[in-house]
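The structure file protein.txt is reproduced below (compact mmCIF, C-alpha atoms).
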# COMPACT_ATOMS: atom_id res chain seq x y z
CA MET C 1 -1.88 1.46 -33.27
CA ASN C 2 -0.94 1.09 -29.63
CA ILE C 3 -1.92 3.61 -27.01
CA THR C 4 -0.76 3.22 -23.44
CA PHE C 5 -2.45 4.58 -20.33
CA SER C 6 -0.11 5.03 -17.38
CA ALA C 7 -0.47 6.39 -13.89
CA TYR C 8 2.51 7.78 -11.98
CA ILE C 9 1.60 8.66 -8.43
CA ALA C 10 2.82 8.84 -4.83
CA THR C 11 0.99 7.31 -1.89
CA SER C 12 1.48 7.07 1.82
CA LEU C 13 2.37 3.57 3.02
CA ASP C 14 -1.28 3.17 3.99
CA GLY C 15 -2.37 3.86 0.43
CA TYR C 16 -3.59 7.46 0.45
CA ILE C 17 -2.81 10.03 -2.24
CA ALA C 18 -3.97 12.95 -0.09
CA ARG C 19 -5.47 13.77 3.28
CA PRO C 20 -9.29 13.91 3.46
CA ASN C 21 -9.14 17.64 2.58
CA GLY C 22 -6.74 17.03 -0.32
CA GLY C 23 -3.69 18.07 1.72
CA LEU C 24 -0.24 16.97 0.54
CA ASP C 25 1.85 18.37 3.42
CA TRP C 26 2.92 14.82 4.43
CA LEU C 27 4.33 14.37 0.92
CA ASP C 28 5.97 17.78 0.66
CA ASN C 29 7.54 17.30 4.10
CA SER C 30 8.95 13.93 3.05
CA THR C 31 10.83 15.29 0.05
CA ASP C 32 14.17 17.00 0.24
CA LYS C 33 13.81 20.28 -1.64
CA ASP C 34 17.57 20.45 -2.24
CA SER C 35 17.77 16.97 -3.68
CA LYS C 36 18.10 16.56 -7.43
CA GLU C 37 16.33 13.20 -7.21
CA ASP C 38 13.09 13.35 -9.21
CA TYR C 39 12.09 9.67 -8.82
CA GLY C 40 12.06 9.09 -12.54
CA TYR C 41 9.49 11.80 -13.20
CA HIS C 42 11.39 13.55 -15.99
CA ASP C 43 12.15 10.28 -17.78
CA PHE C 44 8.51 9.27 -17.48
CA MET C 45 7.28 12.62 -18.80
CA THR C 46 9.49 12.45 -21.89
CA THR C 47 7.51 9.33 -22.92
CA VAL C 48 4.13 11.06 -22.45
CA ASP C 49 2.32 13.02 -25.17
CA CYS C 50 -1.00 13.51 -23.40
CA LEU C 51 -2.33 13.93 -19.87
CA VAL C 52 -5.80 13.07 -18.65
CA MET C 53 -6.84 14.34 -15.23
CA GLY C 54 -9.87 15.23 -13.16
CA ARG C 55 -11.00 18.71 -12.27
CA SER C 56 -9.46 18.86 -8.81
CA THR C 57 -6.06 17.77 -10.08
CA PHE C 58 -6.34 20.37 -12.84
CA GLU C 59 -7.25 23.10 -10.37
CA LYS C 60 -4.18 22.27 -8.33
CA VAL C 61 -1.94 22.36 -11.39
CA ALA C 62 -3.60 25.56 -12.65
CA SER C 63 -2.54 27.29 -9.43
CA PHE C 64 1.15 26.61 -10.09
CA PRO C 65 3.17 29.68 -11.14
CA GLU C 66 4.19 27.94 -14.33
CA TRP C 67 2.21 25.55 -16.55
CA PRO C 68 4.13 22.27 -16.28
CA TYR C 69 2.73 20.49 -19.35
CA GLN C 70 4.01 22.73 -22.15
CA GLY C 71 3.81 20.94 -25.50
CA LYS C 72 1.56 18.14 -24.29
CA ARG C 73 -2.14 17.64 -24.92
CA VAL C 74 -4.04 17.98 -21.64
CA ILE C 75 -7.58 16.67 -21.20
CA VAL C 76 -9.60 17.52 -18.10
CA ILE C 77 -12.47 15.16 -17.38
CA SER C 78 -15.25 17.11 -15.76
CA LYS C 79 -19.00 17.19 -15.73
CA LYS C 80 -19.06 20.70 -14.29
CA MET C 81 -16.17 22.57 -15.85
CA ASN C 82 -15.75 23.28 -19.56
CA GLN C 83 -13.58 26.37 -19.56
CA ALA C 84 -10.11 26.97 -18.20
CA PRO C 85 -8.90 30.12 -16.44
CA ALA C 86 -8.02 32.77 -19.08
CA HIS C 87 -4.25 32.21 -18.91
CA LEU C 88 -4.71 28.50 -19.66
CA HIS C 89 -7.54 28.57 -22.17
CA ASP C 90 -5.39 27.34 -25.05
CA ARG C 91 -3.60 24.76 -22.90
CA VAL C 92 -6.37 22.35 -22.00
CA GLU C 93 -9.39 20.61 -23.45
CA PHE C 94 -12.39 19.46 -21.47
CA PHE C 95 -14.14 16.14 -21.76
CA ASN C 96 -17.53 15.26 -20.33
CA GLY C 97 -18.23 11.63 -21.05
CA LYS C 98 -17.20 8.06 -20.44
CA VAL C 99 -13.55 7.11 -20.34
CA GLU C 100 -14.17 4.37 -22.92
CA GLN C 101 -15.21 7.08 -25.39
CA LEU C 102 -12.22 9.25 -24.51
CA VAL C 103 -9.90 6.33 -25.16
CA VAL C 104 -11.31 5.88 -28.67
CA GLU C 105 -10.96 9.59 -29.40
CA LEU C 106 -7.38 9.76 -28.18
CA GLN C 107 -6.51 6.74 -30.23
CA SER C 108 -7.99 8.35 -33.36
CA LEU C 109 -5.89 11.44 -32.66
CA GLY C 110 -2.73 9.36 -32.76
CA VAL C 111 -1.89 9.78 -29.08
CA ARG C 112 0.66 7.18 -27.96
CA LYS C 113 1.15 7.49 -24.22
CA VAL C 114 -1.26 9.02 -21.77
CA TYR C 115 -0.44 10.03 -18.21
CA VAL C 116 -3.61 9.37 -16.23
CA ASP C 117 -3.56 11.54 -13.10
CA GLY C 118 -5.76 12.10 -10.07
CA GLY C 119 -7.35 9.52 -7.79
CA PHE C 120 -10.84 9.53 -9.22
CA THR C 121 -9.59 9.47 -12.82
CA ILE C 122 -7.18 6.61 -12.12
CA GLN C 123 -10.00 4.66 -10.48
CA SER C 124 -12.26 5.28 -13.51
CA PHE C 125 -9.62 3.86 -15.83
CA ILE C 126 -8.94 0.85 -13.61
CA ASN C 127 -12.60 0.05 -13.20
CA ALA C 128 -13.11 0.31 -16.96
CA GLY C 129 -10.17 -2.09 -17.44
CA LEU C 130 -8.33 0.64 -19.35
CA LEU C 131 -5.25 1.34 -17.26
CA ASP C 132 -2.18 -0.39 -18.67
CA GLU C 133 0.40 0.38 -16.02
CA ILE C 134 0.96 2.20 -12.76
CA ILE C 135 4.13 3.50 -11.16
CA ILE C 136 3.55 3.89 -7.44
CA THR C 137 6.01 5.69 -5.19
CA GLN C 138 5.36 4.76 -1.58
CA ILE C 139 6.30 7.33 1.01
CA PRO C 140 7.35 5.92 4.41
CA ILE C 141 4.55 7.46 6.44
CA LEU C 142 1.12 6.42 7.70
CA ILE C 143 -1.44 9.22 7.56
CA GLY C 144 -4.37 7.17 8.85
CA LYS C 145 -7.14 8.47 6.61
CA GLY C 146 -7.53 10.27 3.32
CA ILE C 147 -8.27 9.85 -0.35
CA SER C 148 -7.50 6.27 -1.30
CA LEU C 149 -5.56 5.60 -4.49
CA PHE C 150 -7.53 2.56 -5.53
CA GLY C 151 -10.87 2.75 -3.75
CA ASP C 152 -13.23 -0.14 -4.23
CA THR C 153 -12.21 -1.79 -7.49
CA LYS C 154 -15.33 -4.01 -7.51
CA LYS C 155 -13.29 -6.95 -8.74
CA ASP C 156 -9.77 -8.34 -8.51
CA HIS C 157 -7.09 -6.93 -10.78
CA LYS C 158 -3.88 -8.90 -11.11
CA LEU C 159 -0.69 -7.05 -11.92
CA LYS C 160 2.79 -7.91 -13.06
CA LEU C 161 5.73 -6.27 -11.33
CA LEU C 162 8.05 -4.78 -13.96
CA GLN C 163 10.47 -3.00 -11.65
CA SER C 164 10.89 -1.95 -8.02
CA ARG C 165 13.56 0.29 -6.60
CA LYS C 166 14.27 2.00 -3.33
CA PHE C 167 15.68 5.47 -2.84
CA ASP C 168 17.88 6.98 -0.14
CA SER C 169 14.86 8.95 1.01
CA GLY C 170 13.14 5.69 1.94
CA PHE C 171 10.70 5.94 -0.96
CA VAL C 172 9.93 2.64 -2.69
CA GLN C 173 8.84 2.89 -6.30
CA SER C 174 7.21 -0.06 -8.01
CA HIS C 175 6.16 -0.26 -11.63
CA TYR C 176 3.26 -2.61 -12.38
CA GLN C 177 1.54 -3.69 -15.55
CA PHE C 178 -2.14 -4.62 -15.38
CA LEU C 179 -2.59 -8.17 -16.60
CA PRO C 180 -4.92 -8.95 -19.51
CA SER C 181 -7.88 -10.18 -17.46
CA SER C 182 -8.39 -6.56 -16.54
CA ALA C 183 -6.97 -4.76 -19.60
CA ARG C 184 -8.55 -3.97 -22.90
CA PHE C 185 -7.13 -4.99 -26.25
CA PHE C 186 -7.17 -2.58 -29.13
CA ASP C 187 -4.91 -4.35 -31.50
CA MET L 188 16.78 -4.70 28.44
CA ASN L 189 15.54 -4.25 24.92
CA ILE L 190 12.40 -5.87 23.62
CA THR L 191 11.39 -5.51 19.98
CA PHE L 192 7.89 -5.75 18.56
CA SER L 193 7.79 -6.71 14.89
CA ALA L 194 5.05 -7.39 12.40
CA TYR L 195 5.63 -9.56 9.35
CA ILE L 196 2.64 -9.60 7.04
CA ALA L 197 1.45 -9.79 3.45
CA THR L 198 -0.98 -7.33 1.89
CA SER L 199 -2.61 -6.84 -1.46
CA LEU L 200 -1.31 -3.82 -3.38
CA ASP L 201 -4.39 -1.95 -2.16
CA GLY L 202 -3.46 -2.61 1.45
CA TYR L 203 -5.72 -5.45 2.56
CA ILE L 204 -4.61 -8.42 4.64
CA ALA L 205 -7.76 -10.41 3.88
CA ARG L 206 -11.08 -10.18 2.06
CA PRO L 207 -14.05 -8.85 4.07
CA ASN L 208 -14.86 -12.42 5.18
CA GLY L 209 -11.23 -13.14 6.13
CA GLY L 210 -10.52 -14.98 2.87
CA LEU L 211 -6.91 -15.44 1.76
CA ASP L 212 -7.51 -17.15 -1.60
CA TRP L 213 -5.95 -14.17 -3.46
CA LEU L 214 -2.77 -14.71 -1.43
CA ASP L 215 -2.70 -18.50 -1.73
CA ASN L 216 -3.29 -18.24 -5.49
CA SER L 217 -0.39 -15.81 -5.83
CA THR L 218 2.16 -18.14 -4.28
CA ASP L 219 3.87 -20.95 -6.07
CA LYS L 220 3.43 -24.05 -3.93
CA ASP L 221 6.46 -25.68 -5.54
CA SER L 222 8.75 -22.74 -4.89
CA LYS L 223 11.24 -22.95 -2.05
CA GLU L 224 11.07 -19.17 -1.65
CA ASP L 225 9.76 -18.33 1.82
CA TYR L 226 10.16 -14.53 1.62
CA GLY L 227 12.48 -14.42 4.59
CA TYR L 228 9.94 -16.03 6.92
CA HIS L 229 12.24 -18.70 8.35
CA ASP L 230 15.04 -16.19 8.98
CA PHE L 231 12.58 -13.85 10.65
CA MET L 232 11.16 -16.61 12.84
CA THR L 233 14.58 -17.66 14.11
CA THR L 234 14.88 -14.19 15.67
CA VAL L 235 11.48 -14.45 17.40
CA ASP L 236 10.94 -15.88 20.88
CA CYS L 237 7.31 -14.88 21.37
CA LEU L 238 4.18 -14.32 19.28
CA VAL L 239 1.28 -12.08 20.11
CA MET L 240 -1.89 -12.43 18.07
CA GLY L 241 -5.62 -11.85 18.16
CA ARG L 242 -8.26 -14.51 18.51
CA SER L 243 -9.14 -14.81 14.83
CA THR L 244 -5.50 -15.26 13.82
CA PHE L 245 -5.13 -17.87 16.56
CA GLU L 246 -8.22 -19.73 15.39
CA LYS L 247 -6.79 -19.87 11.88
CA VAL L 248 -3.46 -21.19 13.16
CA ALA L 249 -5.20 -23.64 15.52
CA SER L 250 -6.86 -25.23 12.49
CA PHE L 251 -3.52 -26.09 10.87
CA PRO L 252 -2.61 -29.80 10.98
CA GLU L 253 0.60 -28.96 12.81
CA TRP L 254 1.28 -26.31 15.43
CA PRO L 255 3.79 -23.99 13.73
CA TYR L 256 5.17 -22.20 16.81
CA GLN L 257 6.81 -25.07 18.67
CA GLY L 258 9.22 -23.76 21.30
CA LYS L 259 7.96 -20.19 21.24
CA ARG L 260 5.78 -18.43 23.76
CA VAL L 261 2.40 -17.61 22.19
CA ILE L 262 0.04 -15.02 23.66
CA VAL L 263 -3.50 -14.67 22.35
CA ILE L 264 -5.13 -11.32 23.09
CA SER L 265 -8.83 -11.86 23.54
CA LYS L 266 -11.63 -10.51 25.65
CA LYS L 267 -13.81 -13.54 24.95
CA MET L 268 -11.52 -16.53 24.82
CA ASN L 269 -9.40 -17.78 27.71
CA GLN L 270 -8.97 -21.44 26.87
CA ALA L 271 -7.41 -23.14 23.87
CA PRO L 272 -8.69 -26.28 22.16
CA ALA L 273 -7.55 -29.35 24.15
CA HIS L 274 -4.66 -30.26 21.83
CA LEU L 275 -3.18 -26.77 22.24
CA HIS L 276 -3.88 -26.07 25.89
CA ASP L 277 -0.22 -26.08 26.88
CA ARG L 278 0.87 -24.15 23.80
CA VAL L 279 -0.76 -20.77 24.32
CA GLU L 280 -1.51 -18.23 27.00
CA PHE L 281 -4.41 -15.79 26.92
CA PHE L 282 -4.28 -12.12 27.73
CA ASN L 283 -7.24 -9.86 28.34
CA GLY L 284 -5.97 -6.35 28.88
CA LYS L 285 -4.21 -3.38 27.36
CA VAL L 286 -1.22 -3.89 25.10
CA GLU L 287 0.80 -1.45 27.24
CA GLN L 288 0.40 -3.84 30.18
CA LEU L 289 1.29 -6.86 28.06
CA VAL L 290 4.47 -5.14 26.92
CA VAL L 291 5.56 -4.62 30.52
CA GLU L 292 4.82 -8.25 31.38
CA LEU L 293 6.71 -9.61 28.39
CA GLN L 294 9.66 -7.42 29.23
CA SER L 295 9.70 -8.70 32.80
CA LEU L 296 9.70 -12.26 31.44
CA GLY L 297 12.86 -11.55 29.49
CA VAL L 298 11.25 -11.80 26.05
CA ARG L 299 13.48 -10.26 23.39
CA LYS L 300 11.65 -10.26 20.09
CA VAL L 301 7.90 -10.46 19.63
CA TYR L 302 6.12 -11.27 16.37
CA VAL L 303 2.92 -9.23 16.46
CA ASP L 304 0.38 -10.84 14.13
CA GLY L 305 -3.15 -10.16 12.93
CA GLY L 306 -4.62 -6.91 11.68
CA PHE L 307 -6.40 -5.79 14.80
CA THR L 308 -3.43 -6.63 17.03
CA ILE L 309 -0.97 -4.84 14.76
CA GLN L 310 -3.22 -1.78 14.76
CA SER L 311 -3.42 -1.87 18.57
CA PHE L 312 0.37 -1.85 18.83
CA ILE L 313 0.76 0.93 16.25
CA ASN L 314 -1.87 3.10 17.87
CA ALA L 315 -0.24 2.61 21.27
CA GLY L 316 3.10 3.63 19.72
CA LEU L 317 4.49 0.20 20.59
CA LEU L 318 5.32 -1.36 17.23
CA ASP L 319 9.03 -1.10 16.43
CA GLU L 320 9.14 -2.47 12.92
CA ILE L 321 7.05 -3.96 10.17
CA ILE L 322 7.98 -6.15 7.24
CA ILE L 323 5.32 -5.83 4.56
CA THR L 324 5.19 -8.14 1.57
CA GLN L 325 3.03 -6.60 -1.14
CA ILE L 326 1.28 -9.00 -3.48
CA PRO L 327 0.68 -7.68 -7.03
CA ILE L 328 -3.11 -7.79 -6.92
CA LEU L 329 -5.94 -5.37 -6.14
CA ILE L 330 -8.80 -7.01 -4.26
CA GLY L 331 -10.91 -3.86 -3.91
CA LYS L 332 -12.18 -4.29 -0.38
CA GLY L 333 -11.28 -6.18 2.76
CA ILE L 334 -9.61 -5.97 6.13
CA SER L 335 -7.16 -3.10 6.04
CA LEU L 336 -3.69 -3.61 7.48
CA PHE L 337 -3.39 -0.20 9.06
CA GLY L 338 -6.94 1.10 9.49
CA ASP L 339 -7.31 4.60 10.87
CA THR L 340 -4.09 5.33 12.75
CA LYS L 341 -5.54 8.54 14.25
CA LYS L 342 -2.24 10.32 13.75
CA ASP L 343 0.75 10.30 11.42
CA HIS L 344 3.47 7.72 11.95
CA LYS L 345 6.74 8.25 10.17
CA LEU L 346 8.85 5.27 9.27
CA LYS L 347 12.37 4.60 8.14
CA LEU L 348 12.95 2.19 5.28
CA LEU L 349 15.56 -0.38 6.30
CA GLN L 350 15.38 -2.63 3.27
CA SER L 351 13.26 -3.32 0.20
CA ARG L 352 13.57 -6.21 -2.19
CA LYS L 353 11.62 -7.65 -5.05
CA PHE L 354 11.06 -11.30 -5.82
CA ASP L 355 10.60 -13.19 -9.09
CA SER L 356 6.97 -13.70 -8.08
CA GLY L 357 6.41 -9.94 -8.27
CA PHE L 358 6.15 -9.61 -4.51
CA VAL L 359 7.82 -6.50 -3.06
CA GLN L 360 8.96 -6.78 0.54
CA SER L 361 9.83 -3.66 2.50
CA HIS L 362 11.16 -3.52 6.02
CA TYR L 363 10.34 -0.36 7.97
CA GLN L 364 11.27 0.89 11.40
CA PHE L 365 8.81 3.16 13.22
CA LEU L 366 10.51 6.45 14.01
CA PRO L 367 10.74 7.67 17.62
CA SER L 368 7.86 10.14 17.46
CA SER L 369 5.62 7.13 17.42
CA ALA L 370 7.72 4.58 19.33
CA ARG L 371 8.14 4.07 23.02
CA PHE L 372 11.45 4.04 24.83
CA PHE L 373 12.16 1.51 27.51
CA ASP L 374 15.82 2.06 27.99
Written as structure tokens, how would this file's structure read?
Amino acid sequence: MNITFSAYIATSLDGYIARPNGGLDWLDNSTDKDSKEDYGYHDFMTTVDCLVMGRSTFEKVASFPEWPYQGKRVIVISKKMNQAPAHLHDRVEFFNGKVEQLVVELQSLGVRKVYVDGGFTIQSFINAGLLDEIIITQIPILIGKGISLFGDTKKDHKLKLLQSRKFDSGFVQSHYQFLPSSARFFD
Amino acid sequence: MNITFSAYIATSLDGYIARPNGGLDWLDNSTDKDSKEDYGYHDFMTTVDCLVMGRSTFEKVASFPEWPYQGKRVIVISKKMNQAPAHLHDRVEFFNGKVEQLVVELQSLGVRKVYVDGGFTIQSFINAGLLDEIIITQIPILIGKGISLFGDTKKDHKLKLLQSRKFDSGFVQSHYQFLPSSARFFD
């Protein structure tokens, strides 16, 4: 059975997903709140049955007024945290282990498409050769320093461009597939 | 009189222009030597009447069998070097000063469009608020570490996307204009 691990994330043009303190003001200020453009997010989410994220991404999402992942399995990878805030306790599961092990478990559960979110988690999947694809939306701003999307990947990873499109906002979204040298094969 | 400072450069998807040692093998291996596709380079060069580059970029170019900038003014910014190899002595000029001063000199010489090349030189122009536009060609590979295109820009720089196009090779080329908050005005 196939299982696909996908990241969908925005970066500054200089490759950061957040300021050093986690701030996203540069991203929020670049988006038009009145625009109906969602940069393919809804279409992407309809293909996803599971999310995997790190603790800090979870904490950000947990602070939203509404839980955005209704009906989807959500796994939080954390060494420290194993319990959600009371209002979310039946919404998330915690995992404290290696991503390779998580991948096997999700596959045995019949999960088909996993949204891998958060910088550290994405890096873990890439470095384990487990990320299948990434959709990067580049925001036309340089922020100079911050939390890098890719970090030090230790080795080269070649990708295949599947699609690239520009938006009126100046965002450029490119969809890449990781090539086999750096992907795992389950089948 | 208007003078425009433009960068035209390739980066890995993780934002590096070269490996830590300056290596470009990842770039050379990504291009099809038999392809006639030049990613807009020739068209760009026909608009350029002057190049400004750092010493290490110059040394790379100086090692080419043929001088590629025939008929164009070439300025090498260097604190250490003030003389070219004998076969190039009438091809380049050296400049040892601040980019702000160079900009004034080039303007007084009637230069119209300057190709700013090399990571350190591009960063100097950005940080001085003097770069007008940048054409970035992103290669679909992560190399993990290297010489960053932008480095620490110290402050935010907003850009406007003028054009973005994808190529059969998987390269994505985006043309950005620096917005006025970070650009200088001569006029």
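The residue set within 6 Å of stretch 193-204 of chain L, counting only C-alpha atoms and dropping same-chain residues fewer than 5 places from it, reads Tyr302, Val303, Asp319, Glu320, Ile321, Ile322, Ile323, Thr324, Gln325, Ile326, Pro327, Ile328, Leu329, Gly333, Ile334, Ser335 and Leu336 of chain L.
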Distance in Å - atom CA of C:Gln107 versus atom CA of C:Val92: 17.6 Å
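Among the candidates L:Phe251, L:Trp213, L:Tyr226, L:Phe281, the one nearest to L:Val359 when counting all atoms listed in the file is L:Tyr226.
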field: Top pick for closest residue to chain L, considering C:Gln177, C:His157, C:Asp168, C:Asn96 and counting only C-alpha atoms
entry: C:His157
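Across the model, the gap from atom CA of L:Met240 to atom CA of L:Ile264 is 6.1 Å.
Proximity to chain L at a cut-off of 6 Å picks out C:Pro140, C:Ile141, C:Leu142, C:Ile143, C:Gly144, C:Lys145, C:Asp152, C:Thr153, C:Lys154, C:Asp156, C:His157, C:Lys158, C:Leu159, C:Leu161, C:Gly170 on chain C, counting only C-alpha atoms.
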For the selection you just gave me, I'd like the residues written to a file as a short mmCIF file (atom, residue, chain, number, x, y, z; two decimals), in the frame of the given file, keeping C-alpha atoms.
data_model
loop_
_atom_site.label_atom_id
_atom_site.label_comp_id
_atom_site.auth_asym_id
_atom_site.auth_seq_id
_atom_site.Cartn_x
_atom_site.Cartn_y
_atom_site.Cartn_z
CA PRO C 140 7.35 5.92 4.41
CA ILE C 141 4.55 7.46 6.44
CA LEU C 142 1.12 6.42 7.70
CA ILE C 143 -1.44 9.22 7.56
CA GLY C 144 -4.37 7.17 8.85
CA LYS C 145 -7.14 8.47 6.61
CA ASP C 152 -13.23 -0.14 -4.23
CA THR C 153 -12.21 -1.79 -7.49
CA LYS C 154 -15.33 -4.01 -7.51
CA ASP C 156 -9.77 -8.34 -8.51
CA HIS C 157 -7.09 -6.93 -10.78
CA LYS C 158 -3.88 -8.90 -11.11
CA LEU C 159 -0.69 -7.05 -11.92
CA LEU C 161 5.73 -6.27 -11.33
CA GLY C 170 13.14 5.69 1.94
#
message: List the spatial neighbours of L:Arg278 as a list of chain:residue names - criterion: any atom at most 9 Å away, all atoms listed in the file, same-chain residues fewer than 2 positions off excluded.
response: L:Trp254, L:Tyr256, L:Gln257, L:Gly258, L:Lys259, L:Arg260, L:Val261, L:Ala271, L:His274, L:Leu275, L:His276, L:Glu280
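When atom CA of C:Thr121 is paired with atom CA of C:Pro180, their separation reads 20.1 Å.
Distances from L:Ser250, L:Tyr228, L:Asp304, L:Phe245 to L:Gln270 were compared using only C-alpha atoms, and the smallest one belongs to L:Phe245.
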Just add N, CA and C atoms to stretch 151-167 of chain C and send it as a tab-separated table (two decimals), keeping the file's coordinate frame.
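Below is the file that was written, selection_0.tsv:
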chain	number	residue	atom	x	y	z
C	151	GLY	N	-9.45	2.87	-4.07
C	151	GLY	CA	-10.87	2.75	-3.75
C	151	GLY	C	-11.36	1.33	-3.91
C	152	ASP	N	-12.64	1.18	-4.08
C	152	ASP	CA	-13.23	-0.14	-4.23
C	152	ASP	C	-13.22	-0.51	-5.71
C	153	THR	N	-12.37	-1.45	-6.07
C	153	THR	CA	-12.21	-1.79	-7.49
C	153	THR	C	-13.28	-2.75	-8.00
C	154	LYS	N	-14.20	-3.13	-7.13
C	154	LYS	CA	-15.33	-4.01	-7.51
C	154	LYS	C	-14.90	-5.44	-7.82
C	155	LYS	N	-13.75	-5.59	-8.48
C	155	LYS	CA	-13.29	-6.95	-8.74
C	155	LYS	C	-11.77	-7.00	-8.60
C	156	ASP	N	-11.22	-8.19	-8.60
C	156	ASP	CA	-9.77	-8.34	-8.51
C	156	ASP	C	-9.10	-7.85	-9.80
C	157	HIS	N	-7.93	-7.26	-9.64
C	157	HIS	CA	-7.09	-6.93	-10.78
C	157	HIS	C	-5.70	-7.46	-10.48
C	158	LYS	N	-5.24	-8.38	-11.29
C	158	LYS	CA	-3.88	-8.90	-11.11
C	158	LYS	C	-2.89	-8.03	-11.86
C	159	LEU	N	-1.72	-7.88	-11.28
C	159	LEU	CA	-0.69	-7.05	-11.92
C	159	LEU	C	0.60	-7.85	-12.04
C	160	LYS	N	1.45	-7.34	-12.91
C	160	LYS	CA	2.79	-7.91	-13.06
C	160	LYS	C	3.80	-6.85	-12.64
C	161	LEU	N	4.68	-7.21	-11.74
C	161	LEU	CA	5.73	-6.27	-11.33
C	161	LEU	C	6.79	-6.18	-12.43
C	162	LEU	N	7.02	-4.97	-12.94
C	162	LEU	CA	8.05	-4.78	-13.96
C	162	LEU	C	9.37	-4.35	-13.33
C	163	GLN	N	9.25	-3.52	-12.28
C	163	GLN	CA	10.47	-3.00	-11.65
C	163	GLN	C	10.12	-2.51	-10.25
C	164	SER	N	11.07	-2.58	-9.33
C	164	SER	CA	10.89	-1.95	-8.02
C	164	SER	C	12.25	-1.45	-7.57
C	165	ARG	N	12.28	-0.25	-7.07
C	165	ARG	CA	13.56	0.29	-6.60
C	165	ARG	C	13.34	1.16	-5.38
C	166	LYS	N	14.35	1.18	-4.53
C	166	LYS	CA	14.27	2.00	-3.33
C	166	LYS	C	15.22	3.18	-3.49
C	167	PHE	N	14.88	4.25	-2.78
C	167	PHE	CA	15.68	5.47	-2.84
C	167	PHE	C	16.24	5.78	-1.45
